[in-house]
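Worksheet: one structure, shown below.
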Amino acid sequence: MKNCTYCHGVSAQGLATAPRLAGQRAAYIEKELSAFRGHERDNPLSQLYMWNVAANLKPETGRELAVYFSQLPPRAAADGNRGLFDEGRALYQQGVPNANIVTCVVCHGPNAEGVRDIPRLGGLSYLYLKRRMEEWNKGYHPTARPMPQVARELSPAEIDALASYLSFLDEETASK
């Protein structure tokens with residue numbers, strides 16, 4: 001766990017380009033550790049850092065870490081463009097019907113809390129969320145269906161709005 005803090009922070013809220021692990025779904029963390037180990041999660045930062053970390057991580061240890069991180073209280077990064085909040089909320093809740101993009105609520109839940117091995121998105125860093133959507137758009141991590149297909153249909157402005165909205169989303173904000 002000590003090694004996790006170098007990138008994800010002492011309280012697991014995330015640092016720089018590493019995502020917040022606090023409050024993340026345990027099943028999602030386990031699934032992603034497996035994807036790093038199997039080199040399915042192939043974006044540049046995963047290759048640089050997480051492939052090596054996950055290579056020698058025993059599945060039991062990964063499961064224990066996942067449970068630990070899932071029980072930590074998350075805090076919203078709140079680092080997006082507040083002016084895009086309403087546009088991002090509309091995208092999250094309504095999708096993009098004319099591009100045949102279903103609402104994010106269907107998979108990620110009404111408050112972006114995630115479901116089973118589908119990640120919590122609420123409160124993740126704007127830069128992290130934006131980068132992930134851009135990476136799917138470029139063809140990285142193609143096994144994360146349906147996200148690569150969804151991201152290819154989103155414009156840069158829609159990605160900005162969605163990442164901004166999600167960065168501010170916490171339990172209190174989500175219920176409004």
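Here's how to read the names in the structure tokens: chain A, B, ... by the order shown, residue numbers from 1 in each chain, ligand numbers from 1 in the order shown.
The environment of stretch 48-51 of chain A within 7 Å, counting only C-alpha atoms and disregarding residues fewer than 3 places along the same chain, consists of A:Phe36, A:Arg37, A:His39, A:Pro44, A:Leu45, A:Ala54, A:Ala55.
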**Message:** For the structure I just gave you, how does DSSP split chain A - specifically, which residues are alpha helix (DSSP H)? Reply as a ChimeraX atom specification.
**Reply:** /A:2-8,26-37,44-45,51-55,59-70,85-94,105-108,126-137,147-153,156-168,171-174
**Test item: residues at most 9 Å from A:Gly139, only C-alpha atoms, excluding those fewer than 4 positions along its chain, as a list in words** =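 The neighbour list is Asn43, Glu134, Glu135, Pro148 and Arg152 of chain A.
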**Request:** Can you pull out every residue within 8 Å of A:Tyr126, counting only C-alpha atoms, but drop anything in the same chain fewer than 5 positions away, and send it as a ChimeraX atom specification?
**Result:** /A:77-80,163-164,166-167
**Message:** With only C-alpha atoms as the counted atoms, please give the residues lying no more than 12 Å from A:Leu65, apart from itself and same-chain residues fewer than 5 positions off, as a PyMOL selection string.
**Reply:** chain A and resi 1-4+12+21-30+33+54+57-60+70-72
Selection file, N, CA and C atoms, as a PDB file, in the first residue's frame:
```pdb
ATOM      1  N   MET A   1       0.825  -1.188   0.000  1.00  0.00           N
ATOM      2  CA  MET A   1       0.000   0.000   0.000  1.00  0.00           C
ATOM      3  C   MET A   1       0.870   1.252   0.000  1.00  0.00           C
ATOM      4  N   LYS A   2       2.005   1.171   0.638  1.00  0.00           N
ATOM      5  CA  LYS A   2       2.896   2.324   0.690  1.00  0.00           C
ATOM      6  C   LYS A   2       3.245   2.791  -0.734  1.00  0.00           C
ATOM      7  N   ASN A   3       3.499   1.863  -1.637  1.00  0.00           N
ATOM      8  CA  ASN A   3       3.823   2.236  -3.012  1.00  0.00           C
ATOM      9  C   ASN A   3       2.661   2.926  -3.704  1.00  0.00           C
ATOM     10  N   CYS A   4       1.426   2.582  -3.355  1.00  0.00           N
ATOM     11  CA  CYS A   4       0.244   3.201  -3.958  1.00  0.00           C
ATOM     12  C   CYS A   4       0.197   4.702  -3.662  1.00  0.00           C
ATOM     13  N   ALA A  12      -5.435   8.456  -0.622  1.00  0.00           N
ATOM     14  CA  ALA A  12      -5.956   7.788  -1.830  1.00  0.00           C
ATOM     15  C   ALA A  12      -6.924   8.662  -2.623  1.00  0.00           C
ATOM     16  N   LEU A  21      -8.551   6.558  -5.591  1.00  0.00           N
ATOM     17  CA  LEU A  21      -8.959   5.184  -5.287  1.00  0.00           C
ATOM     18  C   LEU A  21      -9.946   5.153  -4.126  1.00  0.00           C
ATOM     19  N   ALA A  22      -9.914   6.161  -3.281  1.00  0.00           N
ATOM     20  CA  ALA A  22     -10.828   6.218  -2.143  1.00  0.00           C
ATOM     21  C   ALA A  22     -12.268   6.186  -2.627  1.00  0.00           C
ATOM     22  N   GLY A  23     -13.036   5.260  -2.086  1.00  0.00           N
ATOM     23  CA  GLY A  23     -14.451   5.155  -2.440  1.00  0.00           C
ATOM     24  C   GLY A  23     -14.731   4.466  -3.755  1.00  0.00           C
ATOM     25  N   GLN A  24     -13.696   4.030  -4.447  1.00  0.00           N
ATOM     26  CA  GLN A  24     -13.899   3.339  -5.725  1.00  0.00           C
ATOM     27  C   GLN A  24     -14.469   1.949  -5.463  1.00  0.00           C
ATOM     28  N   ARG A  25     -15.172   1.406  -6.398  1.00  0.00           N
ATOM     29  CA  ARG A  25     -15.745   0.064  -6.293  1.00  0.00           C
ATOM     30  C   ARG A  25     -14.631  -0.974  -6.180  1.00  0.00           C
ATOM     31  N   ALA A  26     -14.712  -1.840  -5.176  1.00  0.00           N
ATOM     32  CA  ALA A  26     -13.699  -2.873  -4.981  1.00  0.00           C
ATOM     33  C   ALA A  26     -13.610  -3.784  -6.196  1.00  0.00           C
ATOM     34  N   ALA A  27     -14.749  -4.191  -6.741  1.00  0.00           N
ATOM     35  CA  ALA A  27     -14.743  -5.090  -7.907  1.00  0.00           C
ATOM     36  C   ALA A  27     -14.080  -4.418  -9.105  1.00  0.00           C
ATOM     37  N   TYR A  28     -14.255  -3.113  -9.238  1.00  0.00           N
ATOM     38  CA  TYR A  28     -13.611  -2.385 -10.338  1.00  0.00           C
ATOM     39  C   TYR A  28     -12.096  -2.361 -10.151  1.00  0.00           C
ATOM     40  N   ILE A  29     -11.639  -2.067  -8.942  1.00  0.00           N
ATOM     41  CA  ILE A  29     -10.191  -2.024  -8.688  1.00  0.00           C
ATOM     42  C   ILE A  29      -9.575  -3.384  -8.997  1.00  0.00           C
ATOM     43  N   GLU A  30     -10.209  -4.442  -8.548  1.00  0.00           N
ATOM     44  CA  GLU A  30      -9.693  -5.792  -8.835  1.00  0.00           C
ATOM     45  C   GLU A  30      -9.637  -6.054 -10.333  1.00  0.00           C
ATOM     46  N   LEU A  33      -6.740  -4.046 -11.870  1.00  0.00           N
ATOM     47  CA  LEU A  33      -5.438  -4.633 -11.550  1.00  0.00           C
ATOM     48  C   LEU A  33      -5.156  -5.826 -12.457  1.00  0.00           C
ATOM     49  N   ALA A  54       1.483  -4.123 -11.072  1.00  0.00           N
ATOM     50  CA  ALA A  54       0.552  -5.251 -11.060  1.00  0.00           C
ATOM     51  C   ALA A  54       1.215  -6.581 -11.394  1.00  0.00           C
ATOM     52  N   LEU A  57       1.883  -8.459  -8.184  1.00  0.00           N
ATOM     53  CA  LEU A  57       0.861  -8.331  -7.152  1.00  0.00           C
ATOM     54  C   LEU A  57      -0.010  -9.585  -7.147  1.00  0.00           C
ATOM     55  N   LYS A  58      -0.025 -10.268  -6.042  1.00  0.00           N
ATOM     56  CA  LYS A  58      -0.838 -11.487  -5.923  1.00  0.00           C
ATOM     57  C   LYS A  58      -2.319 -11.103  -5.942  1.00  0.00           C
ATOM     58  N   PRO A  59      -3.162 -11.925  -6.548  1.00  0.00           N
ATOM     59  CA  PRO A  59      -4.603 -11.627  -6.590  1.00  0.00           C
ATOM     60  C   PRO A  59      -5.204 -11.377  -5.202  1.00  0.00           C
ATOM     61  N   GLU A  60      -4.758 -12.131  -4.192  1.00  0.00           N
ATOM     62  CA  GLU A  60      -5.283 -11.928  -2.831  1.00  0.00           C
ATOM     63  C   GLU A  60      -4.925 -10.537  -2.310  1.00  0.00           C
ATOM     64  N   SER A  70     -11.848   0.880  -1.252  1.00  0.00           N
ATOM     65  CA  SER A  70     -13.287   1.111  -1.441  1.00  0.00           C
ATOM     66  C   SER A  70     -13.943   1.644  -0.172  1.00  0.00           C
ATOM     67  N   GLN A  71     -13.353   1.384   0.979  1.00  0.00           N
ATOM     68  CA  GLN A  71     -13.935   1.804   2.249  1.00  0.00           C
ATOM     69  C   GLN A  71     -13.477   3.192   2.703  1.00  0.00           C
ATOM     70  N   LEU A  72     -12.514   3.763   2.002  1.00  0.00           N
ATOM     71  CA  LEU A  72     -12.061   5.114   2.347  1.00  0.00           C
ATOM     72  C   LEU A  72     -13.055   6.140   1.816  1.00  0.00           C
TER      73      LEU A  72
END
```
**Request:** Rank nothing, just name the residue among A:Phe69, A:Gly109, A:Glu40, A:Ser155 nearest to A:Thr5, using only C-alpha atoms.
**Result:**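 Checking each of A:Phe69, A:Gly109, A:Glu40, A:Ser155 against A:Thr5, counting only C-alpha atoms, the winner is A:Phe69.
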**Request:** Find, counting only C-alpha atoms, the residue in A:Ser34, A:Leu15, A:Ala161, A:Arg132 that gets nearest to A:Arg63.
**Result:**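 Distance minimum relative to A:Arg63 lands on A:Ser34.
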**Message:** I'd like to know which of A:Ile159, A:Val10, A:Ala112, A:Cys107 is closest to A:Arg145, using only C-alpha atoms.
**Reply:**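 The answer is A:Cys107, which sits nearest to A:Arg145.
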**Item:** A:Tyr92 environment, 9 Å, only C-alpha atoms, sequence neighbours closer than 6 positions dropped, as a list in words
**Value:** Thr103, Cys104, Val105, Pro110, Ala112, Leu162, Tyr165 and Leu166 of chain A
